[in-house]
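Structure first, commentary second.
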2 protein chains.
Amino acid sequence: MTHSLRLGVAGLGTVGAAVIRMIARRADALTAATGREIRVTAVAARDRNRDRGLDLAGVRWFDDAAEMARSGEVDCVVELIGGAEGKAKETVEAALAAGKQVVTANKALLAHHGAALARAAEGAGVALAFEASVAGGIPVVKALREGLPGNAVARVYGILNGTCNYILSRMEREGLTFEACLKDAQALGYAEADPTFDVEGFDTAHKLAILTSLAFGTTVDAEGVSVEGISRVQPLDLRMADELGYRIKLLGVAQATEAGIEQRVHPTMVPKSSAIAQVMGVTNAVTIDADAVGELTLIGPGAGGEATASAVVADIADVASGLVRPAFGRPSATLRPSSRVEMQRHEGGYYIRLTVHDRPGVAAGVATRMAERAISLESILQRRDESAAVDDPRGRSGRPVPLVLITYAATEGAIRAALDAIAADGLLAESPQLIRIERE
Amino acid sequence: MTHSLRLGVAGLGTVGAAVIRMIARRADALTAATGREIRVTAVAARDRNRDRGLDLAGVRWFDDAAEMARSGEVDCVVELIGGAEGKAKETVEAALAAGKQVVTANKALLAHHGAALARAAEGAGVALAFEASVAGGIPVVKALREGLPGNAVARVYGILNGTCNYILSRMEREGLTFEACLKDAQALGYAEADPTFDVEGFDTAHKLAILTSLAFGTTVDAEGVSVEGISRVQPLDLRMADELGYRIKLLGVAQATEAGIEQRVHPTMVPKSSAIAQVMGVTNAVTIDADAVGELTLIGPGAGGEATASAVVADIADVASGLVRPAFGRPSATLRPSSRVEMQRHEGGYYIRLTVHDRPGVAAGVATRMAERAISLESILQRRDESAAVDDPRGRSGRPVPLVLITYAATEGAIRAALDAIAADGLLAESPQLIRIERE
């Protein structure tokens, strides 16, 4: 048997503790699978006195993770500190510079510095593995990097943030507002005290940027992702979606278009019958559209200490097996630069909810402005609230009422121009709601 | 760059031709991903004159695949002949004996001789890769073998045969009989002229045996699978399932129990809300229940030349990357012997459709026999057809009518004993229908 693989674990939060317990619990199976003993020989964390319920006898403690990464006592650094900059980055860079293998769960680091780190890993001839950085326990990095080399990917999209999916699921099921569901999510520990990073889509954007690079062979480019969160989604939108045969999910979507690879995160209408529409609560899912396999969907836990540790340990086992593949599936030098495609050029179906003054001719005025920009309407739904009908025997209250349009494929530029014209006509009582439709 | 990987493709049917085209189409991407050129240098098939639309200039033709496997001109043999015995087995054995890497899509070969072939591959220090043997284009072998080493698997189950799922989907949607849907499936090329292998569950059993070995670290044991097909499922069962909140799918299920690993293939009631219930038509799906990740579901195409070739080419890329892991995820010597668990010991919920004589006291008689064996009933549905009510003002026609029971968890032995007693009481007009329920 080859000599054992000595791990240095940087960061002893929920995931770090779960990784250490899992390595111990699965020691025999891991050795059988990889042909090597895997041992945690060092850990690094700030608070040495906190009780984490871990047996760290014989394990060397470092106060400084970067120092651990440089030490001669570890072969593989497991970075679980988190964050795009600071100690996490310093630790991974130090490990690669010292020729150590690196396993990380750090999506922000990969999304912002993935290209440079991948080059460094290649230069050192070591692995930079990051299965846990996207979609928690779902082995989607492996599927994209190793499972589909015969395929050209056309599109990859997914529910990549459990907090948002939990909130949208509850809003849909219980007719609650975003604010009420967010509060519950915070009470349950599904959302942070400052939820911006999750609910405004930035977490999803980081994960999407990593998937895009793997799927399309482009340089990871988090800044190139167009991002819109779920805080503007209203219970009314979920009810309308339901009536129209859709559900609303926060998706990250990367898609090959003639102009380049679109990367976008936004609330999305998906057909109720699609696999991704069934995914409720904190569960994640990723669908890959590729030329040979067609459609492949992976569903599983997107977060949680054990599920994330499962992905980290899979990477560690690959390292122990001697698997060193380029981080993003092909050598950095062959990754194409990311081409940024403006959302104005996005083409797709749209759900548009206007709040119009309930007056004669409003629907006709709206439809005309759409037609002028060659936007075809699949359906128009006008819904007066019942109190309005009582006020006015002709059924027109003059009050604001919703008018919902579903369009066939149109460019976002054309849609925005039509909405500007409708606003300029004075037909709108509120700014419009616009939700993109993703068809299978 | 390392020297090129020379492939010998044995079998030039739909999948073989798709593999050869894919290797050519994705040449640059495959080289970038693996660091090596991948070339088809030899092929073996019986009919040299058939036009397959392939450019085989410069490729050596062998009439005998085993001879090709022994030749010095290939590094890796891609076996696409099929069948558990005969030329396929001879070719793979010859390749391993000659120290060649082997990639195969042959589920029957793996299910029946996987253990011996894995030993031979280990002895030779080469790969025996078989992603395409289970669930076509879904990378489930990779997920189980490499994606979950930190997990103890509790259960793996899936829709592994597209023909059966197509037939059941159409029976459900259109209320048609098994026979009518089978005929359509044959006309569309989804079912063979002799459909026994698919519809009686043997194909699913082969695939399940392979998944079981990967998931539980046991020796592959196709003979240990309890098998029941879909030919006895009636439109009435699908209607009752719908009313009760279930769909019927042919599942392969491998489950850890106190008595050992159950391996069973049978029509199964799954909750309509489950991910696997959404899978319609020829699509396949596999769900893995494991201690760390919880539930992981993979959905995708289970057959077709391109999808299967996608899996074959993924294995070829792994071989080109120098990845040699034990075939079933751990060395053969450490695989535990398969423990066969009799279906009598299976414990779960049951759907039981009795055809009873419509007489007073029948439901009471049935319920009593169940209670005697401590079987708890979740629901009883008695449905008289409308003509019967007209015949007899008291609502009892004496004619055969369906009586449907849903049980809580019970052993199959207890259920069978209760049904024998009910039959002995003379209450049954036909032999009972029994469908197992698989809960999430």
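Letters for chains follow the order of the structure tokens (A, B, ...), residue numbers begin at 1 for each chain, and ligand numbers begin at 1 in the order shown.
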Check the DSSP output for the backbone and give back, as a list in words, the residues of range 30-73 of chain B in strand (DSSP E).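 Residues meeting the strand (DSSP E) criterion: Ile38, Arg39, Val40, Thr41, Ala42, Val43, Ala44, Arg60, Trp61 and Phe62 of chain B.
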Check every residue of chain A for an atom within 7 Å of chain B, counting only C-alpha atoms, and provide those that qualify as a ChimeraX atom specification. /A:22,26,30,32-33,137-139,143,146-151,275,278,292-293,295-301,306-307,310,313-314,323,329-331
Save the residues we just selected, N, CA, C and O atoms, as a short mmCIF file (atom, residue, chain, number, x, y, z; two decimals), in the first residue's frame?
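result-v5.cif was written with the following content:
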```
data_model
loop_
_atom_site.label_atom_id
_atom_site.label_comp_id
_atom_site.auth_asym_id
_atom_site.auth_seq_id
_atom_site.Cartn_x
_atom_site.Cartn_y
_atom_site.Cartn_z
N MET A 22 -16.38 12.04 9.60
CA MET A 22 -16.63 11.13 8.47
C MET A 22 -15.37 10.36 8.08
O MET A 22 -15.43 9.15 7.80
N ARG A 26 -15.51 6.36 8.29
CA ARG A 26 -15.42 5.61 7.04
C ARG A 26 -13.98 5.20 6.73
O ARG A 26 -13.64 4.96 5.55
N LEU A 30 -12.79 3.96 3.06
CA LEU A 30 -11.97 4.89 2.27
C LEU A 30 -10.64 4.25 1.88
O LEU A 30 -10.17 4.42 0.75
N ALA A 32 -10.17 1.03 1.50
CA ALA A 32 -10.49 0.02 0.47
C ALA A 32 -10.69 0.69 -0.89
O ALA A 32 -10.24 0.18 -1.91
N ALA A 33 -11.38 1.82 -0.90
CA ALA A 33 -11.70 2.47 -2.17
C ALA A 33 -10.48 3.10 -2.82
O ALA A 33 -10.37 3.13 -4.05
N GLY A 137 -24.17 18.29 -1.47
CA GLY A 137 -23.89 16.87 -1.60
C GLY A 137 -24.09 16.28 -2.98
O GLY A 137 -23.81 15.10 -3.20
N ILE A 138 -24.59 17.06 -3.93
CA ILE A 138 -24.82 16.54 -5.28
C ILE A 138 -23.50 16.50 -6.05
O ILE A 138 -22.84 17.52 -6.16
N PRO A 139 -23.12 15.33 -6.56
CA PRO A 139 -21.82 15.26 -7.26
C PRO A 139 -21.88 15.85 -8.67
O PRO A 139 -21.61 15.18 -9.66
N ALA A 143 -19.85 15.16 -12.27
CA ALA A 143 -20.66 14.83 -13.45
C ALA A 143 -20.26 15.70 -14.63
O ALA A 143 -20.10 15.21 -15.75
N GLU A 146 -16.17 15.04 -15.42
CA GLU A 146 -15.72 13.72 -15.85
C GLU A 146 -16.81 12.87 -16.50
O GLU A 146 -16.51 11.89 -17.15
N GLY A 147 -18.07 13.24 -16.28
CA GLY A 147 -19.15 12.35 -16.72
C GLY A 147 -19.65 12.60 -18.12
O GLY A 147 -20.38 11.77 -18.67
N LEU A 148 -19.28 13.74 -18.74
CA LEU A 148 -19.88 14.10 -20.03
C LEU A 148 -18.86 14.58 -21.06
O LEU A 148 -19.17 15.46 -21.86
N PRO A 149 -17.66 13.98 -21.10
CA PRO A 149 -16.65 14.52 -22.01
C PRO A 149 -17.02 14.34 -23.48
O PRO A 149 -16.48 15.02 -24.33
N GLY A 150 -17.94 13.44 -23.78
CA GLY A 150 -18.36 13.23 -25.16
C GLY A 150 -19.41 14.22 -25.63
O GLY A 150 -19.84 14.19 -26.78
N ASN A 151 -19.85 15.08 -24.69
CA ASN A 151 -20.96 15.98 -24.99
C ASN A 151 -20.55 17.44 -25.17
O ASN A 151 -19.67 17.92 -24.46
N ALA A 275 -38.89 18.34 -14.11
CA ALA A 275 -38.27 17.73 -12.93
C ALA A 275 -37.89 18.81 -11.91
O ALA A 275 -38.06 18.65 -10.71
N GLN A 278 -40.44 20.16 -9.36
CA GLN A 278 -40.82 19.31 -8.23
C GLN A 278 -39.95 19.55 -7.01
O GLN A 278 -40.22 19.02 -5.93
N ALA A 292 -25.45 14.87 -26.59
CA ALA A 292 -25.56 13.41 -26.66
C ALA A 292 -26.54 12.85 -25.62
O ALA A 292 -27.39 12.05 -25.95
N VAL A 293 -26.43 13.29 -24.38
CA VAL A 293 -27.32 12.70 -23.37
C VAL A 293 -28.70 13.33 -23.36
O VAL A 293 -29.61 12.78 -22.75
N GLU A 295 -31.21 15.50 -21.73
CA GLU A 295 -31.39 16.20 -20.46
C GLU A 295 -31.06 15.29 -19.27
O GLU A 295 -31.56 14.19 -19.16
N LEU A 296 -30.21 15.80 -18.40
CA LEU A 296 -29.78 15.07 -17.22
C LEU A 296 -30.07 15.95 -16.01
O LEU A 296 -29.67 17.11 -15.98
N THR A 297 -30.77 15.42 -15.00
CA THR A 297 -31.10 16.21 -13.82
C THR A 297 -30.60 15.52 -12.56
O THR A 297 -30.80 14.31 -12.40
N LEU A 298 -29.95 16.27 -11.70
CA LEU A 298 -29.43 15.73 -10.44
C LEU A 298 -30.10 16.51 -9.31
O LEU A 298 -30.07 17.74 -9.29
N ILE A 299 -30.69 15.79 -8.37
CA ILE A 299 -31.44 16.42 -7.27
C ILE A 299 -30.88 15.93 -5.94
O ILE A 299 -30.66 14.73 -5.77
N GLY A 300 -30.67 16.84 -5.00
CA GLY A 300 -30.17 16.39 -3.71
C GLY A 300 -30.00 17.56 -2.75
O GLY A 300 -30.41 18.68 -3.05
N PRO A 301 -29.37 17.28 -1.60
CA PRO A 301 -29.24 18.32 -0.59
C PRO A 301 -28.18 19.34 -0.99
O PRO A 301 -27.08 18.98 -1.38
N GLU A 306 -23.29 17.47 7.00
CA GLU A 306 -23.02 16.11 6.55
C GLU A 306 -22.99 16.03 5.01
O GLU A 306 -22.12 15.39 4.43
N ALA A 307 -23.97 16.67 4.37
CA ALA A 307 -24.04 16.59 2.91
C ALA A 307 -22.83 17.28 2.28
O ALA A 307 -22.23 16.77 1.32
N SER A 310 -19.83 15.17 2.72
CA SER A 310 -19.85 14.06 1.77
C SER A 310 -19.12 14.44 0.49
O SER A 310 -18.32 13.65 -0.06
N VAL A 313 -15.31 14.83 1.22
CA VAL A 313 -14.64 13.54 1.38
C VAL A 313 -14.52 12.82 0.03
O VAL A 313 -13.54 12.10 -0.22
N ALA A 314 -15.46 13.02 -0.87
CA ALA A 314 -15.33 12.44 -2.22
C ALA A 314 -14.10 13.01 -2.92
O ALA A 314 -13.34 12.29 -3.56
N LEU A 323 -5.89 10.81 -8.41
CA LEU A 323 -6.54 11.47 -9.54
C LEU A 323 -6.17 12.94 -9.56
O LEU A 323 -6.51 13.68 -8.65
N GLY A 329 -11.58 20.84 -15.68
CA GLY A 329 -11.82 19.81 -16.69
C GLY A 329 -10.88 19.86 -17.88
O GLY A 329 -10.82 18.91 -18.64
N ARG A 330 -10.21 20.97 -18.08
CA ARG A 330 -9.22 21.06 -19.16
C ARG A 330 -8.16 22.06 -18.73
O ARG A 330 -8.40 22.92 -17.88
N PRO A 331 -6.95 21.96 -19.30
CA PRO A 331 -5.87 22.84 -18.85
C PRO A 331 -6.27 24.32 -18.97
O PRO A 331 -6.96 24.70 -19.91
#
```
Using backbone DSSP assignments, extract all alpha helix (DSSP H) residues from range 128-349 of chain A; output them as a PyMOL selection string. chain A and resi 140-146+162-174+178-187+196-199+202-216+235-244+305-320
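Taking CA of Tyr350 in chain A as the reference point, CA of Ile406 in chain A is found at 5.7 Å.
Residue neighbourhood of Phe178 in chain B, excluding near-sequence residues (fewer than 4 positions): Ile167, Met171, Leu182, Ser231 and Gln234 of chain B, at 7 Å, using only C-alpha atoms.
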Could you check which of B:Arg119, B:Leu381, B:Ile435, B:Ala111 is closest to Leu238 in chain B, using only C-alpha atoms?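 When distances to Leu238 in chain B are compared using only C-alpha atoms, the smallest one comes from B:Ile435.
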Have a look at CA of Gly82 in chain A and CA of His112 in chain A and let me know their distance in Å, one decimal. 12.4 Å
Which value, in Å to one decimal, gives the distance between CA of Tyr351 in chain B and CA of Phe216 in chain B?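 Separation between CA of Tyr351 in chain B and CA of Phe216 in chain B: 28.4 Å.
If you measure from each of A:Ala180, A:Val15, A:Ala193, A:Leu5 to Glu37 in chain A using only C-alpha atoms, the closest one turns out to be A:Leu5.
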Spatial neighbours of range 359-374 of chain B, 10 Å, only C-alpha atoms, chain gap at least 4 places, as a PyMOL selection string: chain B and resi 354+380-382+395-401+403-405+407+410-411+413-415+417-423+425-428
Go ahead and write the residues just picked, N, CA, C and O atoms, as a compact mmCIF listing (two decimals), in the first residue's frame.
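Final output, result12.txt:
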```txt
# COMPACT_ATOMS: atom_id res chain seq x y z
N LEU B 354 -58.11 -7.32 -4.35
CA LEU B 354 -58.81 -8.60 -4.37
C LEU B 354 -60.00 -8.48 -5.30
O LEU B 354 -60.58 -7.41 -5.47
N ILE B 380 -59.18 0.88 3.03
CA ILE B 380 -59.94 -0.13 2.29
C ILE B 380 -60.81 0.61 1.30
O ILE B 380 -61.51 1.54 1.67
N LEU B 381 -60.75 0.22 0.04
CA LEU B 381 -61.60 0.84 -0.98
C LEU B 381 -62.45 -0.25 -1.61
O LEU B 381 -61.92 -1.19 -2.21
N GLN B 382 -63.77 -0.08 -1.50
CA GLN B 382 -64.63 -1.03 -2.19
C GLN B 382 -65.37 -0.27 -3.26
O GLN B 382 -65.92 0.79 -3.03
N GLY B 395 -77.72 -3.31 -3.30
CA GLY B 395 -76.34 -2.99 -3.65
C GLY B 395 -75.42 -4.20 -3.63
O GLY B 395 -74.22 -4.06 -3.58
N ARG B 396 -75.97 -5.38 -3.65
CA ARG B 396 -75.10 -6.56 -3.64
C ARG B 396 -75.47 -7.46 -4.79
O ARG B 396 -76.56 -8.04 -4.82
N SER B 397 -74.56 -7.59 -5.72
CA SER B 397 -74.88 -8.29 -6.95
C SER B 397 -74.48 -9.76 -6.92
O SER B 397 -74.91 -10.53 -7.75
N GLY B 398 -73.61 -10.13 -5.95
CA GLY B 398 -73.06 -11.48 -5.98
C GLY B 398 -71.97 -11.64 -7.03
O GLY B 398 -71.27 -12.64 -7.07
N ARG B 399 -71.82 -10.65 -7.88
CA ARG B 399 -70.81 -10.69 -8.94
C ARG B 399 -69.43 -10.33 -8.39
O ARG B 399 -69.32 -9.69 -7.37
N PRO B 400 -68.36 -10.66 -9.14
CA PRO B 400 -67.02 -10.29 -8.68
C PRO B 400 -66.83 -8.77 -8.73
O PRO B 400 -67.15 -8.15 -9.75
N VAL B 401 -66.37 -8.20 -7.63
CA VAL B 401 -66.07 -6.77 -7.57
C VAL B 401 -64.69 -6.58 -6.91
O VAL B 401 -64.26 -7.42 -6.13
N LEU B 403 -61.90 -5.18 -4.39
CA LEU B 403 -61.76 -4.68 -3.02
C LEU B 403 -60.27 -4.40 -2.83
O LEU B 403 -59.45 -5.30 -2.95
N VAL B 404 -59.95 -3.13 -2.59
CA VAL B 404 -58.53 -2.74 -2.53
C VAL B 404 -58.12 -2.41 -1.09
O VAL B 404 -58.82 -1.67 -0.40
N LEU B 405 -57.02 -2.99 -0.68
CA LEU B 405 -56.47 -2.73 0.66
C LEU B 405 -55.09 -2.07 0.52
O LEU B 405 -54.31 -2.46 -0.34
N THR B 407 -51.91 -1.58 3.06
CA THR B 407 -51.47 -1.96 4.41
C THR B 407 -50.36 -1.03 4.89
O THR B 407 -49.66 -0.41 4.10
N ALA B 410 -45.70 -4.46 6.74
CA ALA B 410 -45.93 -5.85 7.14
C ALA B 410 -44.94 -6.70 6.37
O ALA B 410 -44.40 -6.26 5.35
N THR B 411 -44.70 -7.93 6.84
CA THR B 411 -43.80 -8.77 6.07
C THR B 411 -44.57 -9.44 4.93
O THR B 411 -45.77 -9.70 5.04
N GLY B 413 -44.30 -12.41 4.05
CA GLY B 413 -44.75 -13.72 4.53
C GLY B 413 -46.13 -13.62 5.17
O GLY B 413 -47.02 -14.45 4.90
N ALA B 414 -46.32 -12.60 6.01
CA ALA B 414 -47.62 -12.43 6.68
C ALA B 414 -48.71 -12.12 5.67
O ALA B 414 -49.83 -12.65 5.75
N ILE B 415 -48.39 -11.25 4.70
CA ILE B 415 -49.37 -10.88 3.68
C ILE B 415 -49.80 -12.13 2.89
O ILE B 415 -50.99 -12.39 2.68
N ALA B 417 -49.64 -15.24 3.76
CA ALA B 417 -50.40 -16.17 4.61
C ALA B 417 -51.85 -15.69 4.74
O ALA B 417 -52.79 -16.50 4.66
N ALA B 418 -52.03 -14.38 4.93
CA ALA B 418 -53.39 -13.84 5.05
C ALA B 418 -54.16 -14.07 3.76
O ALA B 418 -55.35 -14.47 3.77
N LEU B 419 -53.50 -13.85 2.61
CA LEU B 419 -54.18 -14.04 1.32
C LEU B 419 -54.54 -15.50 1.10
O LEU B 419 -55.61 -15.82 0.56
N ASP B 420 -53.68 -16.41 1.53
CA ASP B 420 -53.99 -17.84 1.42
C ASP B 420 -55.23 -18.18 2.24
O ASP B 420 -56.10 -18.94 1.79
N ALA B 421 -55.31 -17.60 3.43
CA ALA B 421 -56.47 -17.86 4.30
C ALA B 421 -57.75 -17.30 3.68
O ALA B 421 -58.80 -17.95 3.70
N ILE B 422 -57.63 -16.11 3.09
CA ILE B 422 -58.80 -15.48 2.46
C ILE B 422 -59.27 -16.33 1.27
O ILE B 422 -60.47 -16.54 1.07
N ALA B 423 -58.29 -16.84 0.52
CA ALA B 423 -58.64 -17.71 -0.62
C ALA B 423 -59.32 -18.98 -0.11
O ALA B 423 -60.32 -19.45 -0.67
N ASP B 425 -61.05 -19.33 2.46
CA ASP B 425 -62.41 -19.01 2.91
C ASP B 425 -63.41 -18.94 1.75
O ASP B 425 -64.60 -18.73 1.97
N GLY B 426 -62.88 -19.02 0.53
CA GLY B 426 -63.76 -18.98 -0.64
C GLY B 426 -64.27 -17.59 -0.98
O GLY B 426 -65.28 -17.43 -1.66
N LEU B 427 -63.55 -16.57 -0.53
CA LEU B 427 -64.02 -15.20 -0.76
C LEU B 427 -63.58 -14.64 -2.11
O LEU B 427 -64.10 -13.64 -2.57
N LEU B 428 -62.58 -15.28 -2.74
CA LEU B 428 -61.97 -14.68 -3.93
C LEU B 428 -62.50 -15.29 -5.22
O LEU B 428 -62.59 -16.51 -5.36
```
Please provide the set of residues having any atom within 7 Å of Val282 in chain B, restricted to only C-alpha atoms, with same-chain residues fewer than 5 positions apart removed, written as number ranges by chain. B: 162-163, 165-166, 302
For all heavy atoms, I'd like the residues from the last selection saved as a tab-separated table (two decimals), in the first residue's frame.
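Generated file (result_1.tsv):
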```tsv
chain	number	residue	atom	x	y	z
B	162	GLY	N	-36.40	1.62	-19.73
B	162	GLY	CA	-37.24	2.59	-20.41
B	162	GLY	C	-38.49	1.98	-21.05
B	162	GLY	O	-39.55	2.61	-21.09
B	163	THR	N	-38.36	0.76	-21.53
B	163	THR	CA	-39.51	0.09	-22.15
B	163	THR	C	-40.66	-0.03	-21.16
B	163	THR	O	-41.81	0.31	-21.46
B	163	THR	CB	-39.10	-1.33	-22.62
B	163	THR	OG1	-37.92	-1.22	-23.42
B	163	THR	CG2	-40.20	-1.99	-23.41
B	165	ASN	N	-41.11	1.64	-18.38
B	165	ASN	CA	-41.63	2.93	-17.92
B	165	ASN	C	-42.49	3.59	-19.00
B	165	ASN	O	-43.49	4.24	-18.69
B	165	ASN	CB	-40.49	3.86	-17.51
B	165	ASN	CG	-40.95	4.91	-16.52
B	165	ASN	OD1	-41.57	4.57	-15.49
B	165	ASN	ND2	-40.72	6.17	-16.81
B	166	TYR	N	-42.11	3.36	-20.26
B	166	TYR	CA	-42.93	3.86	-21.36
B	166	TYR	C	-44.32	3.21	-21.32
B	166	TYR	O	-45.35	3.87	-21.42
B	166	TYR	CB	-42.24	3.60	-22.70
B	166	TYR	CG	-43.12	3.90	-23.88
B	166	TYR	CD1	-43.24	5.20	-24.35
B	166	TYR	CD2	-43.85	2.90	-24.51
B	166	TYR	CE1	-44.07	5.49	-25.42
B	166	TYR	CE2	-44.68	3.18	-25.58
B	166	TYR	CZ	-44.79	4.48	-26.03
B	166	TYR	OH	-45.63	4.76	-27.08
B	302	GLY	N	-32.12	6.59	-20.47
B	302	GLY	CA	-31.64	5.26	-20.12
B	302	GLY	C	-31.15	4.44	-21.29
B	302	GLY	O	-30.58	3.38	-21.11
```
So which residues touch range 194-204 of chain A within 7 Å, counting only C-alpha atoms, skipping near sequence neighbours fewer than 2 positions away, as a ChimeraX atom specification? /A:160-161,163-164,191-192,206-208,227-231,252,265
Residues of the last selection are to be written out with N, CA and C atoms, as a JSON list (two decimals), in the first residue's frame.
```
[["chain", "number", "residue", "atom", "x", "y", "z"],
["A", 160, "LEU", "N", -29.79, 26.44, -6.94],
["A", 160, "LEU", "CA", -28.49, 26.31, -6.29],
["A", 160, "LEU", "C", -28.46, 26.94, -4.91],
["A", 161, "ASN", "N", -29.58, 27.50, -4.49],
["A", 161, "ASN", "CA", -29.62, 28.13, -3.17],
["A", 161, "ASN", "C", -30.86, 27.65, -2.41],
["A", 163, "THR", "N", -31.95, 28.38, 0.58],
["A", 163, "THR", "CA", -32.70, 29.43, 1.28],
["A", 163, "THR", "C", -33.80, 29.99, 0.38],
["A", 164, "CYS", "N", -33.42, 30.35, -0.84],
["A", 164, "CYS", "CA", -34.39, 30.93, -1.77],
["A", 164, "CYS", "C", -35.47, 29.91, -2.12],
["A", 191, "ALA", "N", -31.64, 30.85, 6.85],
["A", 191, "ALA", "CA", -31.17, 32.12, 6.29],
["A", 191, "ALA", "C", -30.35, 32.85, 7.33],
["A", 192, "GLU", "N", -29.37, 33.63, 6.85],
["A", 192, "GLU", "CA", -28.51, 34.41, 7.72],
["A", 192, "GLU", "C", -29.26, 35.63, 8.26],
["A", 206, "HIS", "N", -22.28, 32.81, -7.75],
["A", 206, "HIS", "CA", -20.97, 32.20, -7.55],
["A", 206, "HIS", "C", -20.97, 30.75, -8.03],
["A", 207, "LYS", "N", -22.01, 30.02, -7.61],
["A", 207, "LYS", "CA", -22.07, 28.60, -7.99],
["A", 207, "LYS", "C", -22.25, 28.46, -9.50],
["A", 208, "LEU", "N", -23.09, 29.31, -10.06],
["A", 208, "LEU", "CA", -23.31, 29.25, -11.51],
["A", 208, "LEU", "C", -22.01, 29.50, -12.27],
["A", 227, "VAL", "N", -27.49, 39.26, -12.31],
["A", 227, "VAL", "CA", -28.08, 38.75, -11.07],
["A", 227, "VAL", "C", -29.33, 39.51, -10.65],
["A", 228, "GLU", "N", -30.39, 38.78, -10.35],
["A", 228, "GLU", "CA", -31.61, 39.36, -9.79],
["A", 228, "GLU", "C", -32.14, 38.39, -8.75],
["A", 229, "GLY", "N", -32.47, 38.87, -7.57],
["A", 229, "GLY", "CA", -32.90, 38.00, -6.48],
["A", 229, "GLY", "C", -34.40, 37.82, -6.42],
["A", 230, "ILE", "N", -34.87, 37.28, -5.29],
["A", 230, "ILE", "CA", -36.29, 36.93, -5.18],
["A", 230, "ILE", "C", -37.09, 37.91, -4.33],
["A", 231, "SER", "N", -36.46, 38.98, -3.85],
["A", 231, "SER", "CA", -37.17, 39.82, -2.88],
["A", 231, "SER", "C", -38.35, 40.57, -3.48],
["A", 252, "GLY", "N", -30.14, 29.62, -11.52],
["A", 252, "GLY", "CA", -28.94, 30.06, -12.21],
["A", 252, "GLY", "C", -28.94, 29.35, -13.55],
["A", 265, "VAL", "N", -28.92, 34.84, -13.28],
["A", 265, "VAL", "CA", -29.60, 34.37, -12.08],
["A", 265, "VAL", "C", -30.83, 35.23, -11.90]]
```
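Across B:Val40, B:Ala88, B:Val156, B:Cys76, the tightest approach to Thr212 in chain B is made by B:Val156 when counting only C-alpha atoms.
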